[in-house]
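Student: I have a structure here, written as structure tokens, and I will follow up with some questions on it.
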Amino acid sequence: MSDPQDDAITTVTPAHMTRIAGQGLYAAPTSLEPAAVNVARALLATLQGAPEQAVLTPDLQQLTERVRQVATVGFPRIVAADRVRLSAHTIKLNTSERRPVVIVPSGWTPFGWVLFEYTYLQLALRGYHVLAYTPRGMGLTVEMPGGGYVDSPFTSGGKIDVAGPLDWSDGSSVIDYAEQYFNPSHIAFLGESYGSGISQLVAAHDPGRRVDAVVALSTWGNLATALYQNDTRHIAAVKALIGFTGGPVERKFDEATQQILKDFLDGRNLDTVVEWATERAPSAYADETNDRNVPTFFSNTWHETLFPANQVIEHFDGLTVPKHLNLWIGDHAAPEGAGLTIPFSGPNLPVDEAFAWLDHHVLGENNGVPDWSPVTSQIMFTYQTRIDPETGKNVITQEAVRESRPSWTDVTTSTERWYLAGCAPGSSDGGLGTGPVTGWRQEFTAGQLTDATAVDAVITTGQAEWNGNPKAYSTNKFDRKYLGVWTSGPLLADKDAIAARRIRGIPQLTLTVRSSARSATLVAYLFDVSPDNTARIITHEPLTLTDLTPGQERAVTWNLQAAGYDVAPDHRLMLVLGSKDQLYSDAATDSDTDIGIRTTTISSPDKGAAHLTLPLG
């Protein structure tokens with residue numbers, strides 16, 4: 001097999017490893033960290049015996065040598081039912097004993113299966129055959145100057161089906177190949193991001209019911225609600241995905257899928273879009289998964305910008321199979337990405353626990369997995385850090401607190417209401433208090449981006465969170481002309497309590513809205529504000545209202561995204577309502593009619609006091 005890129009492989013250094021460990025997989029929302037790609041390519045080339053001189057660190061060199069001593073490496077093209085050829089990579093253990101196989105559909109990246117070569121080597125040394133493959137249509141496709149295209153060796157044929165029925169069928173074809181080539185004792189699927197959704201869907205649909213366990217990292221439960229919820233489209237997520245397939249849209253997607261994507265971006269035919277996305281939702285096949293009793297391991301993040309946590313939690317709740325859910329600080333692929341790519345000097349819990357799940361359910365190891373609580377939450381920003389004098393960034397010195405619960409329901413043990421109040425004289429901010437306050441109104445101008453934003457960038461803002469550097473907001477820069485702001489007084493902690501509030505679960509917001517337009521978008525943000533008026537975001541969620549009668553009030557209630565967050569004593573809660581965020585569609589841009597300046601008014605009528613319901617645990 002030829003090298004997957006024309007670029008030369010550079011020697012892997014400890015500095016590269018440190019960079020990946022500290023920065024993660026992504027250099028930008030649609031750009032992988034070059035060092036991570038280089039490590040994967042260097043591992044692969046060394047495994048094949050290609051480099052004339054060593055390009056790996058000594059520990060990685062030893063890893064490849066150990067695998068070459070116990071296994072045979074291959075690069076087949078697996079033929080799907082419709083004759084599409086899928087790029088694949090095999091590591092077959094040299095033993096007559098029947099061993100399990102782990103099948104790894106690649107994530108949604110231009111590099112297909114190449115990126116997690118380190119993971120395949122680790123799995124082989126744990127006693128698994130490995131079969132990694134690139135789902136149809138994915139992989140780098142380069143347009144040539146004279147016309148035409150050239151696909152890289154790790155690129156699969158066909159068009160991207162976005163985890164649709166063709167991908168389910170391909171998964172079964174891959175299982176057929178695995179059974180013939182490995183004669184495995186058991187079959188498991190492990191996937192990150194795109195590969196995790198495909199893994200769940202193949203397990204639910206394989207006609208032979210042959211999948212014995214699934215690991216789904218940075219995954220989704222319902223693709224429809226992940227991308228379109230509360231009548232609000234997650235525009236930035238879809239644009240990022242479209243830009244990261246490895247080739248032009250017309251080359252990567254068939255005409256029907258191109259139309260679906262165009263309709264989504266244009267905000268048209270959304271019923272059809274939702275139907276298309278629901279077909280690709282593992283939660284739509286929970287009954288099949290339950291009937292097959294497929295043990296399933298989930299990993300997701302609190303500030304996930306591609307597949308927000310609530311829809312994964314809902315899917316998890318609907319399963320009756322052996323199951324486990326880890327929720328981590330950060331955003332998409334931040335917890336497990338580096339651990340799938342490079343070794344660590346200490347434990348890498350997101351990946352170690354995923355491997356332990358496979359070891360128990362597929363290898364049959366008695367490793368304590370049955371005693372795990374089904375839900376484990378890492379509490380936001382409870383890690384201890386120090387400042388690196390060279391970079392000026394925080395480095396984690398003590399990992400964040402993790403809490404285990406027997407179910408998602410048990411994460412929240414009580415709730416409290418915080419009531420919104422009108423602005424005090426001389427202030428542009430309303431209050432948050434413990435008693436209902438009615439008869440007030442607060443108005444702001446809609447349609448402007450502000451400094452109150454969910455993230456600076458998809459994926460990378462949360463990646464910095466995971467590495468000890470959550471975004472700091474200056475609440476003094478929140479432009480009250482375009483925002484509604486409500487703030488509590490300093491919170492007090494109970495005696496001997498470290499936190500003033502232990503937020504655990506899904507907050508809910510109830511208020512009354514009046515708009516000068518026929519539609520309005522509200523983006524709710526909940527912040528933790530320190531005494532110096534800097535803040536960190538706890539959670540957020542948008543809502544778009546349509547078919548409004550201008551000037552008439554409408555009562556609304558919606559859930560914010562789940563949170564596991566400790567508010568320190570003397571800090572304040574701040575609820576901010578805006579009308580526009582770079583992540584989402586909004587009513588101003590979706591409107592066909594230019595009505596000039598739009599205003600949104602939040603009120604609290606006598607029979608419906610506006611309030612925030614805060615889950616505690």
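In the structure tokens, chains take letters A, B, ... by order of appearance, with residues numbered from 1 within each chain and ligands from 1 in the order shown.
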Counting only C-alpha atoms, which residues of stretch 117-181 of chain A fall within 8 Å of stretch 62-69 of chain A, and what is the closest atom pair for each with its distance in Å at one decimal, ordered by chain and rising number, as a tab-separated table?
Tutor:
```
residue	atom	partner	partner_atom	distance
A:Leu121	CA	A:Val67	CA	6.5
A:Ala124	CA	A:Val67	CA	7.0
A:Leu125	CA	A:Val67	CA	6.7
```
Student: With all heavy atoms retained, could you export that selection as a JSON list (two decimals), in the first residue's frame?
Tutor:
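This is the output file result.json:
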```json
[["chain", "number", "residue", "atom", "x", "y", "z"],
["A", 121, "LEU", "N", -3.08, -0.75, 17.01],
["A", 121, "LEU", "CA", -1.94, -1.48, 17.56],
["A", 121, "LEU", "C", -2.19, -1.86, 19.02],
["A", 121, "LEU", "O", -1.85, -2.97, 19.45],
["A", 121, "LEU", "CB", -0.68, -0.62, 17.43],
["A", 121, "LEU", "CG", -0.30, -0.18, 16.01],
["A", 121, "LEU", "CD1", 0.96, 0.68, 16.04],
["A", 121, "LEU", "CD2", -0.11, -1.37, 15.09],
["A", 124, "ALA", "N", -4.59, -4.78, 19.16],
["A", 124, "ALA", "CA", -3.95, -6.05, 18.78],
["A", 124, "ALA", "C", -3.18, -6.62, 19.97],
["A", 124, "ALA", "O", -3.24, -7.83, 20.24],
["A", 124, "ALA", "CB", -3.02, -5.83, 17.59],
["A", 125, "LEU", "N", -2.47, -5.77, 20.69],
["A", 125, "LEU", "CA", -1.70, -6.26, 21.84],
["A", 125, "LEU", "C", -2.60, -6.66, 23.01],
["A", 125, "LEU", "O", -2.14, -7.37, 23.91],
["A", 125, "LEU", "CB", -0.70, -5.20, 22.28],
["A", 125, "LEU", "CG", 0.43, -4.91, 21.27],
["A", 125, "LEU", "CD1", 1.39, -3.87, 21.83],
["A", 125, "LEU", "CD2", 1.19, -6.20, 20.92]]
```
Student: I'd like to know which residues of stretch 119-297 of chain A are strand (DSSP E) (by DSSP, run on the backbone); could you write them as JSON, numbers by chain?
Tutor: {"A": [129, 130, 131, 132, 133, 141, 142, 143, 149, 150, 151, 187, 188, 189, 190, 191, 192, 213, 214, 215, 216, 217, 228, 229, 232, 233, 296, 297]}
Student: Could you turn the residues from that selection into a file that holds N, CA and C atoms, as a PDB file, in the first residue's frame?
Tutor:
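For reference, result-v7.pdb as written:
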```
ATOM      1  N   HIS A 129      -8.128  -9.289  17.047  1.00  0.00           N
ATOM      2  CA  HIS A 129      -7.968  -8.950  15.639  1.00  0.00           C
ATOM      3  C   HIS A 129      -8.571  -7.557  15.440  1.00  0.00           C
ATOM      4  N   VAL A 130      -8.098  -6.840  14.424  1.00  0.00           N
ATOM      5  CA  VAL A 130      -8.605  -5.495  14.154  1.00  0.00           C
ATOM      6  C   VAL A 130      -8.951  -5.365  12.679  1.00  0.00           C
ATOM      7  N   LEU A 131     -10.102  -4.757  12.406  1.00  0.00           N
ATOM      8  CA  LEU A 131     -10.473  -4.422  11.040  1.00  0.00           C
ATOM      9  C   LEU A 131     -11.010  -2.989  11.054  1.00  0.00           C
ATOM     10  N   ALA A 132     -10.220  -2.074  10.522  1.00  0.00           N
ATOM     11  CA  ALA A 132     -10.647  -0.677  10.406  1.00  0.00           C
ATOM     12  C   ALA A 132     -11.011  -0.405   8.952  1.00  0.00           C
ATOM     13  N   TYR A 133     -12.016   0.431   8.755  1.00  0.00           N
ATOM     14  CA  TYR A 133     -12.384   0.762   7.375  1.00  0.00           C
ATOM     15  C   TYR A 133     -12.916   2.186   7.292  1.00  0.00           C
ATOM     16  N   THR A 141      -9.965  13.295  -1.598  1.00  0.00           N
ATOM     17  CA  THR A 141     -10.151  13.244  -3.045  1.00  0.00           C
ATOM     18  C   THR A 141      -9.603  14.536  -3.631  1.00  0.00           C
ATOM     19  N   VAL A 142      -8.581  14.446  -4.463  1.00  0.00           N
ATOM     20  CA  VAL A 142      -7.865  15.624  -4.957  1.00  0.00           C
ATOM     21  C   VAL A 142      -8.210  15.860  -6.423  1.00  0.00           C
ATOM     22  N   GLU A 143      -8.615  17.094  -6.723  1.00  0.00           N
ATOM     23  CA  GLU A 143      -8.883  17.463  -8.111  1.00  0.00           C
ATOM     24  C   GLU A 143      -7.565  17.750  -8.826  1.00  0.00           C
ATOM     25  N   TYR A 149     -10.171  13.492 -10.882  1.00  0.00           N
ATOM     26  CA  TYR A 149      -9.854  13.415  -9.460  1.00  0.00           C
ATOM     27  C   TYR A 149      -8.980  12.201  -9.183  1.00  0.00           C
ATOM     28  N   VAL A 150      -8.209  12.291  -8.106  1.00  0.00           N
ATOM     29  CA  VAL A 150      -7.424  11.164  -7.624  1.00  0.00           C
ATOM     30  C   VAL A 150      -7.772  10.941  -6.161  1.00  0.00           C
ATOM     31  N   ASP A 151      -8.114   9.691  -5.810  1.00  0.00           N
ATOM     32  CA  ASP A 151      -8.422   9.341  -4.428  1.00  0.00           C
ATOM     33  C   ASP A 151      -7.187   8.790  -3.741  1.00  0.00           C
ATOM     34  N   ILE A 187     -17.567 -10.418  17.875  1.00  0.00           N
ATOM     35  CA  ILE A 187     -17.437  -9.229  17.027  1.00  0.00           C
ATOM     36  C   ILE A 187     -17.896  -8.011  17.810  1.00  0.00           C
ATOM     37  N   ALA A 188     -17.033  -6.995  17.870  1.00  0.00           N
ATOM     38  CA  ALA A 188     -17.379  -5.727  18.514  1.00  0.00           C
ATOM     39  C   ALA A 188     -17.131  -4.594  17.532  1.00  0.00           C
ATOM     40  N   PHE A 189     -17.859  -3.507  17.724  1.00  0.00           N
ATOM     41  CA  PHE A 189     -17.629  -2.284  16.956  1.00  0.00           C
ATOM     42  C   PHE A 189     -17.181  -1.187  17.915  1.00  0.00           C
ATOM     43  N   LEU A 190     -16.170  -0.439  17.487  1.00  0.00           N
ATOM     44  CA  LEU A 190     -15.717   0.746  18.216  1.00  0.00           C
ATOM     45  C   LEU A 190     -15.658   1.894  17.227  1.00  0.00           C
ATOM     46  N   GLY A 191     -16.312   3.009  17.576  1.00  0.00           N
ATOM     47  CA  GLY A 191     -16.287   4.159  16.684  1.00  0.00           C
ATOM     48  C   GLY A 191     -16.202   5.452  17.440  1.00  0.00           C
ATOM     49  N   GLU A 192     -15.572   6.430  16.801  1.00  0.00           N
ATOM     50  CA  GLU A 192     -15.515   7.787  17.337  1.00  0.00           C
ATOM     51  C   GLU A 192     -16.224   8.693  16.344  1.00  0.00           C
ATOM     52  N   ALA A 213     -20.905  -6.210  21.057  1.00  0.00           N
ATOM     53  CA  ALA A 213     -20.726  -5.048  21.932  1.00  0.00           C
ATOM     54  C   ALA A 213     -20.390  -3.842  21.066  1.00  0.00           C
ATOM     55  N   VAL A 214     -20.700  -2.648  21.600  1.00  0.00           N
ATOM     56  CA  VAL A 214     -20.430  -1.392  20.888  1.00  0.00           C
ATOM     57  C   VAL A 214     -19.797  -0.397  21.845  1.00  0.00           C
ATOM     58  N   VAL A 215     -18.791   0.317  21.342  1.00  0.00           N
ATOM     59  CA  VAL A 215     -18.246   1.497  22.009  1.00  0.00           C
ATOM     60  C   VAL A 215     -18.507   2.683  21.093  1.00  0.00           C
ATOM     61  N   ALA A 216     -19.259   3.682  21.599  1.00  0.00           N
ATOM     62  CA  ALA A 216     -19.664   4.837  20.806  1.00  0.00           C
ATOM     63  C   ALA A 216     -19.133   6.103  21.472  1.00  0.00           C
ATOM     64  N   LEU A 217     -18.073   6.663  20.911  1.00  0.00           N
ATOM     65  CA  LEU A 217     -17.382   7.819  21.487  1.00  0.00           C
ATOM     66  C   LEU A 217     -17.744   9.091  20.728  1.00  0.00           C
ATOM     67  N   TYR A 228     -31.241  19.781  14.540  1.00  0.00           N
ATOM     68  CA  TYR A 228     -32.386  20.675  14.381  1.00  0.00           C
ATOM     69  C   TYR A 228     -33.326  20.450  15.555  1.00  0.00           C
ATOM     70  N   GLN A 229     -33.320  21.393  16.496  1.00  0.00           N
ATOM     71  CA  GLN A 229     -34.162  21.268  17.679  1.00  0.00           C
ATOM     72  C   GLN A 229     -34.705  22.635  18.057  1.00  0.00           C
ATOM     73  N   THR A 232     -34.715  25.343  15.520  1.00  0.00           N
ATOM     74  CA  THR A 232     -33.463  26.061  15.273  1.00  0.00           C
ATOM     75  C   THR A 232     -32.460  25.101  14.651  1.00  0.00           C
ATOM     76  N   ARG A 233     -31.889  25.515  13.539  1.00  0.00           N
ATOM     77  CA  ARG A 233     -30.931  24.665  12.837  1.00  0.00           C
ATOM     78  C   ARG A 233     -29.513  24.922  13.359  1.00  0.00           C
ATOM     79  N   THR A 296     -23.667  -1.433  25.269  1.00  0.00           N
ATOM     80  CA  THR A 296     -23.277  -0.212  24.562  1.00  0.00           C
ATOM     81  C   THR A 296     -22.675   0.794  25.530  1.00  0.00           C
ATOM     82  N   PHE A 297     -21.517   1.290  25.159  1.00  0.00           N
ATOM     83  CA  PHE A 297     -20.744   2.257  25.947  1.00  0.00           C
ATOM     84  C   PHE A 297     -20.793   3.595  25.229  1.00  0.00           C
TER      85      PHE A 297
END
```
Student: Residues within 6 Å of stretch 574-577 of chain A, please, as a ChimeraX atom specification. Count only C-alpha atoms; anything in the same chain fewer than 6 positions from it doesn't count.
Tutor: /A:483-487,523-527
Student: With N, CA, C and O atoms retained, export the selected residues as a PDB file, in the first residue's frame.
Tutor:
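Contents of out-v1.pdb, as written:
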```
ATOM      1  N   LEU A 483     -29.163  42.393  24.376  1.00  0.00           N
ATOM      2  CA  LEU A 483     -29.289  41.250  25.274  1.00  0.00           C
ATOM      3  C   LEU A 483     -30.199  41.595  26.444  1.00  0.00           C
ATOM      4  O   LEU A 483     -30.248  42.752  26.885  1.00  0.00           O
ATOM      5  N   GLY A 484     -30.872  40.582  26.947  1.00  0.00           N
ATOM      6  CA  GLY A 484     -31.510  40.685  28.240  1.00  0.00           C
ATOM      7  C   GLY A 484     -30.653  39.956  29.262  1.00  0.00           C
ATOM      8  O   GLY A 484     -30.188  38.837  29.006  1.00  0.00           O
ATOM      9  N   VAL A 485     -30.410  40.592  30.419  1.00  0.00           N
ATOM     10  CA  VAL A 485     -29.499  40.036  31.412  1.00  0.00           C
ATOM     11  C   VAL A 485     -30.169  40.056  32.781  1.00  0.00           C
ATOM     12  O   VAL A 485     -30.729  41.068  33.190  1.00  0.00           O
ATOM     13  N   TRP A 486     -30.083  38.905  33.469  1.00  0.00           N
ATOM     14  CA  TRP A 486     -30.634  38.772  34.814  1.00  0.00           C
ATOM     15  C   TRP A 486     -29.565  38.119  35.698  1.00  0.00           C
ATOM     16  O   TRP A 486     -29.016  37.072  35.336  1.00  0.00           O
ATOM     17  N   THR A 487     -29.279  38.721  36.845  1.00  0.00           N
ATOM     18  CA  THR A 487     -28.182  38.260  37.685  1.00  0.00           C
ATOM     19  C   THR A 487     -28.633  38.083  39.120  1.00  0.00           C
ATOM     20  O   THR A 487     -29.383  38.912  39.652  1.00  0.00           O
ATOM     21  N   VAL A 523     -31.695  32.834  22.360  1.00  0.00           N
ATOM     22  CA  VAL A 523     -30.597  31.961  22.766  1.00  0.00           C
ATOM     23  C   VAL A 523     -30.342  32.242  24.241  1.00  0.00           C
ATOM     24  O   VAL A 523     -29.980  33.358  24.612  1.00  0.00           O
ATOM     25  N   ALA A 524     -30.591  31.230  25.063  1.00  0.00           N
ATOM     26  CA  ALA A 524     -30.407  31.379  26.510  1.00  0.00           C
ATOM     27  C   ALA A 524     -29.029  30.867  26.898  1.00  0.00           C
ATOM     28  O   ALA A 524     -28.631  29.772  26.498  1.00  0.00           O
ATOM     29  N   TYR A 525     -28.311  31.667  27.675  1.00  0.00           N
ATOM     30  CA  TYR A 525     -27.001  31.298  28.192  1.00  0.00           C
ATOM     31  C   TYR A 525     -27.047  31.408  29.712  1.00  0.00           C
ATOM     32  O   TYR A 525     -27.567  32.387  30.259  1.00  0.00           O
ATOM     33  N   LEU A 526     -26.467  30.427  30.387  1.00  0.00           N
ATOM     34  CA  LEU A 526     -26.339  30.492  31.839  1.00  0.00           C
ATOM     35  C   LEU A 526     -24.862  30.551  32.181  1.00  0.00           C
ATOM     36  O   LEU A 526     -24.089  29.666  31.799  1.00  0.00           O
ATOM     37  N   PHE A 527     -24.475  31.615  32.900  1.00  0.00           N
ATOM     38  CA  PHE A 527     -23.078  31.851  33.238  1.00  0.00           C
ATOM     39  C   PHE A 527     -22.860  31.786  34.747  1.00  0.00           C
ATOM     40  O   PHE A 527     -23.753  32.076  35.540  1.00  0.00           O
TER      41      PHE A 527
END
```
Student: If I take atom CA of A:Thr119 and atom CA of A:Thr341, how far is one from the other in Å, to one decimal?
Tutor: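 Between atom CA of A:Thr119 and atom CA of A:Thr341 the gap is 6.5 Å.
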Student: Would you kindly return, as a PyMOL selection string, each protein, DNA or RNA residue with an atom no farther than 12 Å from any atom of A:Ser173, considering only C-alpha atoms and excluding same-chain residues fewer than 2 positions away?
Tutor: chain A and resi 77-86+103+133+135+166-171+175-180+202+206-208+210
Student: Give me a file of those residues, with N, CA, C and O atoms, as a tab-separated table (two decimals), in the first residue's frame.
Tutor:
```tsv
chain	number	residue	atom	x	y	z
A	77	ARG	N	-9.44	-4.24	0.03
A	77	ARG	CA	-10.59	-3.48	-0.41
A	77	ARG	C	-11.80	-4.40	-0.23
A	77	ARG	O	-11.89	-5.45	-0.87
A	78	ILE	N	-12.70	-4.02	0.66
A	78	ILE	CA	-13.87	-4.85	0.95
A	78	ILE	C	-14.99	-4.43	0.01
A	78	ILE	O	-15.34	-3.25	-0.09
A	79	VAL	N	-15.56	-5.41	-0.68
A	79	VAL	CA	-16.59	-5.14	-1.68
A	79	VAL	C	-17.96	-5.16	-1.02
A	79	VAL	O	-18.36	-6.15	-0.42
A	80	ALA	N	-18.67	-4.03	-1.12
A	80	ALA	CA	-20.01	-3.91	-0.54
A	80	ALA	C	-21.04	-4.59	-1.43
A	80	ALA	O	-20.73	-5.04	-2.54
A	81	ALA	N	-22.26	-4.67	-0.95
A	81	ALA	CA	-23.32	-5.38	-1.68
A	81	ALA	C	-23.58	-4.76	-3.05
A	81	ALA	O	-23.96	-5.47	-3.99
A	82	ASP	N	-23.36	-3.45	-3.19
A	82	ASP	CA	-23.59	-2.79	-4.49
A	82	ASP	C	-22.28	-2.61	-5.26
A	82	ASP	O	-22.22	-1.78	-6.16
A	83	ARG	N	-21.27	-3.36	-4.89
A	83	ARG	CA	-19.96	-3.41	-5.55
A	83	ARG	C	-19.07	-2.21	-5.24
A	83	ARG	O	-17.95	-2.11	-5.79
A	84	VAL	N	-19.48	-1.30	-4.38
A	84	VAL	CA	-18.60	-0.23	-3.93
A	84	VAL	C	-17.46	-0.84	-3.13
A	84	VAL	O	-17.65	-1.77	-2.34
A	85	ARG	N	-16.25	-0.33	-3.34
A	85	ARG	CA	-15.07	-0.88	-2.68
A	85	ARG	C	-14.66	0.03	-1.51
A	85	ARG	O	-14.46	1.25	-1.69
A	86	LEU	N	-14.55	-0.57	-0.35
A	86	LEU	CA	-14.25	0.15	0.88
A	86	LEU	C	-12.78	-0.05	1.26
A	86	LEU	O	-12.31	-1.20	1.35
A	103	ILE	N	-14.08	-4.11	15.05
A	103	ILE	CA	-14.26	-3.42	13.77
A	103	ILE	C	-14.41	-1.94	14.06
A	103	ILE	O	-15.21	-1.53	14.91
A	133	TYR	N	-12.02	0.43	8.76
A	133	TYR	CA	-12.38	0.76	7.38
A	133	TYR	C	-12.92	2.19	7.29
A	133	TYR	O	-13.37	2.76	8.28
A	135	PRO	N	-15.80	4.51	5.87
A	135	PRO	CA	-17.15	4.43	5.31
A	135	PRO	C	-17.20	5.00	3.89
A	135	PRO	O	-16.40	5.87	3.52
A	166	LEU	N	-27.25	2.40	3.38
A	166	LEU	CA	-26.10	1.84	2.67
A	166	LEU	C	-24.94	1.60	3.63
A	166	LEU	O	-24.21	0.60	3.50
A	167	ASP	N	-24.76	2.48	4.60
A	167	ASP	CA	-23.71	2.28	5.60
A	167	ASP	C	-24.02	1.10	6.51
A	167	ASP	O	-23.11	0.39	6.94
A	168	TRP	N	-25.31	0.88	6.82
A	168	TRP	CA	-25.66	-0.29	7.64
A	168	TRP	C	-25.32	-1.56	6.86
A	168	TRP	O	-24.75	-2.51	7.42
A	169	SER	N	-25.69	-1.57	5.57
A	169	SER	CA	-25.39	-2.74	4.73
A	169	SER	C	-23.89	-2.94	4.59
A	169	SER	O	-23.39	-4.08	4.65
A	170	ASP	N	-23.14	-1.84	4.45
A	170	ASP	CA	-21.69	-1.94	4.36
A	170	ASP	C	-21.12	-2.56	5.63
A	170	ASP	O	-20.18	-3.37	5.57
A	171	GLY	N	-21.68	-2.17	6.78
A	171	GLY	CA	-21.22	-2.75	8.03
A	171	GLY	C	-21.38	-4.26	8.05
A	171	GLY	O	-20.49	-5.00	8.53
A	175	ILE	N	-18.57	-7.21	8.26
A	175	ILE	CA	-18.65	-8.36	9.17
A	175	ILE	C	-18.46	-9.66	8.39
A	175	ILE	O	-17.75	-10.57	8.85
A	176	ASP	N	-19.08	-9.76	7.22
A	176	ASP	CA	-18.90	-10.96	6.38
A	176	ASP	C	-17.42	-11.19	6.11
A	176	ASP	O	-16.91	-12.32	6.23
A	177	TYR	N	-16.73	-10.12	5.72
A	177	TYR	CA	-15.30	-10.23	5.44
A	177	TYR	C	-14.54	-10.67	6.69
A	177	TYR	O	-13.67	-11.54	6.64
A	178	ALA	N	-14.88	-10.05	7.82
A	178	ALA	CA	-14.19	-10.38	9.07
A	178	ALA	C	-14.38	-11.84	9.44
A	178	ALA	O	-13.45	-12.51	9.91
A	179	GLU	N	-15.58	-12.35	9.25
A	179	GLU	CA	-15.83	-13.76	9.59
A	179	GLU	C	-15.00	-14.69	8.71
A	179	GLU	O	-14.46	-15.70	9.19
A	180	GLN	N	-14.89	-14.34	7.43
A	180	GLN	CA	-14.13	-15.20	6.52
A	180	GLN	C	-12.62	-15.11	6.79
A	180	GLN	O	-11.91	-16.11	6.74
A	202	VAL	N	-25.26	-0.33	12.75
A	202	VAL	CA	-24.96	-1.68	12.25
A	202	VAL	C	-25.37	-2.72	13.30
A	202	VAL	O	-25.96	-3.76	12.96
A	206	ASP	N	-27.81	-5.40	11.61
A	206	ASP	CA	-27.16	-6.54	10.96
A	206	ASP	C	-28.09	-7.75	10.96
A	206	ASP	O	-28.55	-8.19	12.02
A	207	PRO	N	-28.41	-8.29	9.78
A	207	PRO	CA	-29.38	-9.40	9.71
A	207	PRO	C	-28.97	-10.61	10.54
A	207	PRO	O	-29.82	-11.35	11.04
A	208	GLY	N	-27.67	-10.82	10.68
A	208	GLY	CA	-27.20	-11.97	11.45
A	208	GLY	C	-27.10	-11.74	12.94
A	208	GLY	O	-26.70	-12.64	13.68
A	210	ARG	N	-24.96	-10.15	14.67
A	210	ARG	CA	-23.63	-10.66	14.99
A	210	ARG	C	-22.78	-9.73	15.84
A	210	ARG	O	-21.65	-10.09	16.20
```
Student: Give me, as a VMD selection string, all polymer residues having an atom no more than 9 Å from stretch 503-518 of chain A, counting only C-alpha atoms and skipping those fewer than 6 positions away in the same chain.
Tutor: chain A and resid 310 379 408 to 409 411 to 413 415 420 524 538 to 539 545 to 567 587 to 588 591 595 597 to 605 608 to 617
Student: Which distance in Å separates atom CA of A:Gly447 and atom CA of A:Pro542, to one decimal?
Tutor: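 These atoms are spaced 13.5 Å apart.
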Student: When you draw a straight line from atom CA of A:Asp479 to atom CA of A:Thr445, how long is it in Å?
Tutor: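 Interatomic distance here is 10.3 Å.
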Student: Return the single residue from A:Ala21, A:Thr301, A:Thr320, A:Pro51 that is closest to A:Gly346, with distances computed using only C-alpha atoms.
Tutor: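 Nearest candidate to A:Gly346 out of A:Ala21, A:Thr301, A:Thr320, A:Pro51: A:Ala21.
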Student: Could you check the closest approach to A:Arg19 for each of A:Glu365, A:Ile342, A:Ala421, A:Arg99 and tell me which residue wins, using only C-alpha atoms?
Tutor: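 Smallest separation from A:Arg19 among the options: A:Ile342.
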Student: Can you work out which one of A:Val102, A:Ala240, A:Ala472, A:Leu491 has the shortest atom-to-atom distance to A:Ile537, counting only C-alpha atoms?
Tutor: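 Between A:Val102, A:Ala240, A:Ala472, A:Leu491, the residue approaching A:Ile537 most closely is A:Ala472.
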Student: So which bits of stretch 318-371 of chain A end up helix (DSSP H, G or I) when you DSSP the backbone, as a list in words?
Tutor: Ala334, Pro335, Glu336, Gly337, Ala338, Gly339, Leu340, Leu349, Pro350, Val351, Asp352, Glu353, Ala354, Phe355, Ala356, Trp357, Leu358, Asp359, His360, His361, Val369, Pro370 and Asp371 of chain A
Student: Neighbours of stretch 245-262 of chain A within 9 Å (only C-alpha atoms; same-chain residues fewer than 5 positions away dropped), as a ChimeraX atom specification?
Tutor: /A:108-111,137-143,155,158-162,238,267-270,272-273,276
Student: Restricting the calculation to only C-alpha atoms, which member of A:Asn394, A:Ser377, A:Thr460, A:Gln61 is positioned closest to A:Tyr26?
Tutor: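 Of A:Asn394, A:Ser377, A:Thr460, A:Gln61, the one nearest A:Tyr26 is A:Thr460, counting only C-alpha atoms.
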Student: Which of these, A:Glu403, A:Asp352, A:Glu97, A:Asp581, has the shortest distance to A:Pro184 once you count only C-alpha atoms?
Tutor: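 Closest to A:Pro184, using only C-alpha atoms: A:Glu97.
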Student: Residues within 12 Å of A:Asp494, please, as a PyMOL selection string. Count only C-alpha atoms; anything in the same chain fewer than 6 positions from it doesn't count.
Tutor: chain A and resi 500-502+568-570
